[in-house]
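Coordinates as given in final.pdb (PDB, C-alpha atoms):
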```pdb
ATOM      1  CA  MET H 251     129.034  85.206  71.531
ATOM      2  CA  ARG H 252     125.763  86.567  72.968
ATOM      3  CA  ALA H 253     125.810  83.948  75.757
ATOM      4  CA  LEU H 254     129.385  84.896  76.586
ATOM      5  CA  LEU H 255     128.457  88.573  76.841
ATOM      6  CA  LEU H 256     125.467  87.750  79.076
ATOM      7  CA  ALA H 257     127.643  85.618  81.361
ATOM      8  CA  ALA H 258     130.209  88.422  81.587
ATOM      9  CA  ALA H 259     127.497  90.943  82.409
ATOM     10  CA  LEU H 260     126.141  88.736  85.168
ATOM     11  CA  LEU H 261     129.620  88.286  86.645
ATOM     12  CA  LEU H 262     130.186  92.037  86.609
ATOM     13  CA  ALA H 263     126.771  92.628  88.130
ATOM     14  CA  GLY H 264     127.645  90.412  91.049
ATOM     15  CA  PRO H 265     125.779  87.550  92.660
ATOM     16  CA  VAL H 266     123.044  89.684  94.185
ATOM     17  CA  GLN H 267     122.047  91.566  91.042
ATOM     18  CA  ALA H 268     122.030  88.329  89.045
ATOM     19  CA  GLN H 269     119.129  87.103  91.209
ATOM     20  CA  PHE H 270     116.962  89.827  89.711
ATOM     21  CA  SER H 271     117.953  89.437  86.064
ATOM     22  CA  VAL H 272     115.581  86.527  85.392
ATOM     23  CA  LEU H 273     111.979  86.208  86.443
ATOM     24  CA  PRO H 274     110.395  82.770  86.352
ATOM     25  CA  ALA H 275     107.119  82.374  84.529
ATOM     26  CA  PRO H 276     104.101  82.704  86.813
ATOM     27  CA  GLN H 277     102.528  79.378  87.759
ATOM     28  CA  VAL H 278      98.916  80.560  87.546
ATOM     29  CA  LYS H 279      96.900  78.622  84.998
ATOM     30  CA  GLY H 280      93.671  80.077  83.632
ATOM     31  CA  ALA H 281      91.669  82.963  84.997
ATOM     32  CA  PRO H 282      91.308  83.088  88.783
ATOM     33  CA  ARG H 283      87.919  83.155  90.458
ATOM     34  CA  ALA H 284      86.320  86.565  90.770
ATOM     35  CA  SER H 285      86.974  88.524  93.931
ATOM     36  CA  GLU H 286      84.153  89.110  96.404
ATOM     37  CA  ALA H 287      85.848  92.315  97.615
ATOM     38  CA  THR H 288      83.804  95.499  97.711
ATOM     39  CA  THR H 289      86.656  97.905  98.605
ATOM     40  CA  ASP H 290      90.255  98.396  97.522
ATOM     41  CA  ASP H 291      91.425  97.376 101.003
ATOM     42  CA  ASP H 292      89.518  94.099 100.789
ATOM     43  CA  TYR H 293      90.798  93.455  97.268
ATOM     44  CA  LYS H 294      94.393  93.888  98.423
ATOM     45  CA  LEU H 295      94.258  90.521 100.229
ATOM     46  CA  ASP H 296      92.951  88.730  97.119
ATOM     47  CA  ALA H 297      95.676  90.329  94.999
ATOM     48  CA  ALA H 298      98.423  89.377  97.476
ATOM     49  CA  ARG H 299      97.237  85.769  97.602
ATOM     50  CA  HIS H 300      97.119  85.658  93.817
ATOM     51  CA  LEU H 301     100.678  87.001  93.582
ATOM     52  CA  TYR H 302     101.891  84.364  96.062
ATOM     53  CA  SER H 303     100.193  81.601  94.075
ATOM     54  CA  ALA H 304     101.815  82.893  90.887
ATOM     55  CA  TYR H 305     105.358  82.779  92.301
ATOM     56  CA  PRO H 306     105.469  80.160  95.080
ATOM     57  CA  GLN H 307     109.183  79.542  94.492
ATOM     58  CA  ARG H 308     109.942  83.249  95.104
ATOM     59  CA  ILE H 309     108.123  83.607  98.427
ATOM     60  CA  TYR H 310     110.357  84.007 101.462
ATOM     61  CA  LYS H 311     109.145  81.396 103.949
ATOM     62  CA  GLY H 312     109.142  82.311 107.625
ATOM     63  CA  VAL H 313     110.169  85.386 109.545
ATOM     64  CA  LEU H 314     112.278  87.850 107.574
ATOM     65  CA  PRO H 315     115.803  88.715 108.767
ATOM     66  CA  PRO H 316     116.397  92.039 110.550
ATOM     67  CA  PHE H 317     117.960  93.650 107.483
ATOM     68  CA  ILE H 318     116.051  93.424 104.201
ATOM     69  CA  TYR H 319     117.936  93.854 100.931
ATOM     70  CA  SER H 320     115.300  96.162  99.509
ATOM     71  CA  VAL H 321     111.880  97.635 100.276
ATOM     72  CA  MET H 322     109.625  98.939  97.534
ATOM     73  CA  VAL H 323     106.114 100.384  97.549
ATOM     74  CA  VAL H 324     103.965  99.806  94.472
ATOM     75  CA  GLN H 325     100.465 100.916  93.510
ATOM     76  CA  THR H 326      98.682  98.576  91.102
ATOM     77  CA  GLU H 327      95.475  99.228  89.194
ATOM     78  CA  ILE H 328      93.362  96.327  87.951
ATOM     79  CA  ASP H 329      90.531  96.666  85.439
ATOM     80  CA  GLU H 330      87.118  95.021  85.722
ATOM     81  CA  GLN H 331      88.372  91.810  84.067
ATOM     82  CA  GLY H 332      91.387  91.427  86.376
ATOM     83  CA  GLN H 333      93.961  92.703  83.876
ATOM     84  CA  VAL H 334      96.760  94.981  85.074
ATOM     85  CA  ARG H 335      95.995  98.520  83.983
ATOM     86  CA  ASP H 336      98.999 100.215  85.610
ATOM     87  CA  VAL H 337     101.856  99.632  88.044
ATOM     88  CA  ALA H 338     103.386 102.718  89.645
ATOM     89  CA  VAL H 339     106.360 102.901  91.989
ATOM     90  CA  LEU H 340     105.523 104.969  95.071
ATOM     91  CA  ARG H 341     108.792 104.252  96.899
ATOM     92  CA  THR H 342     111.873 103.414  94.900
ATOM     93  CA  PRO H 343     113.911 100.517  96.289
ATOM     94  CA  ALA H 344     117.474 101.100  97.487
ATOM     95  CA  ALA H 345     118.687  98.422  95.077
ATOM     96  CA  ASP H 346     118.045  99.630  91.505
ATOM     97  CA  GLU H 347     117.704  96.126  90.085
ATOM     98  CA  VAL H 348     114.676  95.354  92.282
ATOM     99  CA  ALA H 349     112.221  97.867  90.746
ATOM    100  CA  PRO H 350     112.021  96.389  87.230
ATOM    101  CA  TRP H 351     111.932  92.882  88.733
ATOM    102  CA  VAL H 352     108.945  93.658  91.002
ATOM    103  CA  ILE H 353     107.088  95.565  88.276
ATOM    104  CA  ALA H 354     107.552  92.676  85.823
ATOM    105  CA  MET H 355     106.450  90.182  88.453
ATOM    106  CA  VAL H 356     103.260  92.123  89.208
ATOM    107  CA  ARG H 357     102.423  92.548  85.525
ATOM    108  CA  ARG H 358     103.144  88.939  84.518
ATOM    109  CA  ALA H 359     100.997  87.525  87.335
ATOM    110  CA  GLY H 360      97.852  88.784  85.610
ATOM    111  CA  PRO H 361      95.071  88.251  85.211
ATOM    112  CA  TYR H 362      94.229  88.845  88.860
ATOM    113  CA  PRO H 363      90.859  87.979  90.397
ATOM    114  CA  ALA H 364      88.315  90.179  88.656
ATOM    115  CA  PRO H 365      86.958  92.798  91.100
ATOM    116  CA  ALA H 366      83.384  91.878  90.180
ATOM    117  CA  LYS H 367      81.743  93.968  92.898
ATOM    118  CA  MET H 368      83.854  97.073  92.311
ATOM    119  CA  ALA H 369      82.814  99.414  89.515
ATOM    120  CA  GLY H 370      85.834 100.697  87.634
ATOM    121  CA  GLY H 371      88.254  98.044  88.892
ATOM    122  CA  ALA H 372      90.543  97.992  91.900
ATOM    123  CA  ARG H 373      93.637  99.853  93.083
ATOM    124  CA  TRP H 374      95.894  98.801  95.909
ATOM    125  CA  VAL H 375      99.193  99.809  97.441
ATOM    126  CA  GLU H 376     101.594  97.058  98.481
ATOM    127  CA  ILE H 377     104.952  97.012 100.225
ATOM    128  CA  PHE H 378     107.407  94.478  98.804
ATOM    129  CA  LEU H 379     110.058  93.191 101.214
ATOM    130  CA  VAL H 380     112.828  91.621  99.132
ATOM    131  CA  ASP H 381     115.830  89.602 100.286
ATOM    132  CA  LYS H 382     119.161  89.486  98.443
ATOM    133  CA  GLY H 383     118.414  85.981  97.142
ATOM    134  CA  GLY H 384     115.446  87.153  95.088
ATOM    135  CA  LYS H 385     112.706  86.001  97.461
ATOM    136  CA  PHE H 386     110.029  88.308  98.785
ATOM    137  CA  GLN H 387     107.063  88.835 101.033
ATOM    138  CA  VAL H 388     104.386  91.460 100.670
ATOM    139  CA  ASP H 389     103.317  93.425 103.719
ATOM    140  CA  THR H 390      99.741  92.154 103.430
ATOM    141  CA  LEU H 391     100.897  88.545 103.967
ATOM    142  CA  THR H 392     104.210  89.024 105.756
ATOM    143  CA  GLU H 393     105.240  86.606 108.486
ATOM    144  CA  GLY H 394     107.047  89.419 110.284
ATOM    145  CA  GLN H 395     110.645  90.342 110.798
ATOM    146  CA  ARG H 396     113.204  89.367 113.448
TER     147      ARG H 396
END
```

Written as structure tokens, how would this file's structure read?
Amino acid sequence: MRALLLAAALLLAGPVQAQFSVLPAPQVKGAPRASEATTDDDYKLDAARHLYSAYPQRIYKGVLPPFIYSVMVVQTEIDEQGQVRDVAVLRTPAADEVAPWVIAMVRRAGPYPAPAKMAGGARWVEIFLVDKGGKFQVDTLTEGQR
């Protein structure tokens, strides 16, 4: 019965929202190497690369189309060991189903590279560019947009 209710909910949600109802497990194994970054801006690149390595199947390959399904801005705080301390939404996405999906993705990708040269951990702001198929790029590593 539960499976039937879930299937009905997904049908009612439509094909686009269904893309964001399940998040694959991150593919990162073990703790990543420590970051050599000394500033939040430098750490942002390490964090973006880590996120891409955690979800290679969710990365949009190539140049993004002219119209993106959703754009979201997130601030993430990482402690000295690379664990996610906090994820805050700075710009809510137009598609409501994207926010919990991105937040879960960021959290589950931990631990991130430990900011070994940064007392108190690291904090970075990232723009997530999300297509309707559930693939994304982050602004730090984007391949651009048509």

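Going from CA of Lys279 in chain H over to CA of Gln333 in chain H, you cover 14.4 Å.
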
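Considering all atoms listed in the file, the residue among H:Lys294, H:Val352, H:Gln307, H:Thr392 positioned nearest to Glu376 in chain H is H:Lys294.
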
Excluding same-chain residues fewer than 4 positions from Val388 in chain H, what lies within 10 Å of it counting only C-alpha atoms, as a list in words?
-> Ala298, Arg299, Leu301, Tyr302, Ile309, Tyr310, Val321, Met322, Val323, Glu376, Ile377, Phe378, Leu379, Val380, Thr392 and Glu393 of chain H

Around (96.3, 102.9, 99.1) in the file's frame, which residues reach within 9 Å when counting only C-alpha atoms? Return as an MDAnalysis selection string?
-> chainID H and resid 290:291 325 373:376

Might you pull out every residue within 8 Å of Val337 in chain H, with all atoms listed in the file counted and same-chain residues fewer than 3 positions away left off, and present them as a list in words?
-> Val324, Gln325, Thr326, Glu327, Val334, Ile353, Val356 and Arg357 of chain H

Output the selection as a PDB file, in the coordinates of the input - C-alpha atoms for each residue.
```
ATOM      1  CA  VAL H 324     103.965  99.806  94.472  1.00  0.00           C
ATOM      2  CA  GLN H 325     100.465 100.916  93.510  1.00  0.00           C
ATOM      3  CA  THR H 326      98.682  98.576  91.102  1.00  0.00           C
ATOM      4  CA  GLU H 327      95.475  99.228  89.194  1.00  0.00           C
ATOM      5  CA  VAL H 334      96.760  94.981  85.074  1.00  0.00           C
ATOM      6  CA  ILE H 353     107.088  95.565  88.276  1.00  0.00           C
ATOM      7  CA  VAL H 356     103.260  92.123  89.208  1.00  0.00           C
ATOM      8  CA  ARG H 357     102.423  92.548  85.525  1.00  0.00           C
TER       9      ARG H 357
END
```

Might you spell out which residues the PyMOL selection byres ((chain H and resi 345) around 9) would select in the displayed file, as JSON, numbers by chain?
-> {"H": [267, 319, 320, 321, 342, 343, 344, 346, 347, 348, 349]}

May I have the residues within 9 Å of Phe317 in chain H as an MDAnalysis selection string, using all atoms listed in the file and disregarding those fewer than 5 positions away in the same chain?
-> chainID H and resid 381 395:396

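Taking CA of Thr288 in chain H and CA of Tyr362 in chain H as the two end points, the separation is 15.2 Å.
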
Atom pair CA of Asp336 in chain H / CA of Ala369 in chain H: separation (Å) | 16.7 Å

Counting only C-alpha atoms, the residue among H:Ala284, H:Ala275, H:Leu391, H:Leu340 that lies closest to Ala304 in chain H is H:Ala275

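Among H:Leu273, H:Val278, H:Val313, H:Ala287, the residue with the shortest atom-to-atom distance to Pro365 in chain H, counting all atoms listed in the file, is H:Ala287.
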
If you count all atoms listed in the file, the residue of H:Ala366, H:Val339, H:Ala372, H:Ala359 closest to Ser285 in chain H turns out to be H:Ala366

Non-local contacts of Gly384 in chain H (7 Å; all atoms listed in the file; under 2 positions in same chain excluded) as an mmCIF file with C-alpha atoms, in the coordinates of the input:
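And here is the file that came out, out.cif:
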```cif
data_model
loop_
_atom_site.group_PDB
_atom_site.id
_atom_site.type_symbol
_atom_site.label_atom_id
_atom_site.label_comp_id
_atom_site.auth_asym_id
_atom_site.auth_seq_id
_atom_site.Cartn_x
_atom_site.Cartn_y
_atom_site.Cartn_z
ATOM 1 C CA GLN H 269 119.129 87.103 91.209
ATOM 2 C CA PHE H 270 116.962 89.827 89.711
ATOM 3 C CA ARG H 308 109.942 83.249 95.104
ATOM 4 C CA VAL H 380 112.828 91.621 99.132
ATOM 5 C CA ASP H 381 115.830 89.602 100.286
ATOM 6 C CA LYS H 382 119.161 89.486 98.443
ATOM 7 C CA PHE H 386 110.029 88.308 98.785
#
```

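Proximity of H:Lys367, H:Lys385, H:Arg341, H:His300 to Asp329 in chain H, computed with only C-alpha atoms, is greatest for H:Lys367.
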
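With all atoms listed in the file as the basis for measurement, H:Ile318 is the residue among H:Ile318, H:Pro274, H:Ala338, H:Pro350 that approaches Gly383 in chain H most closely.
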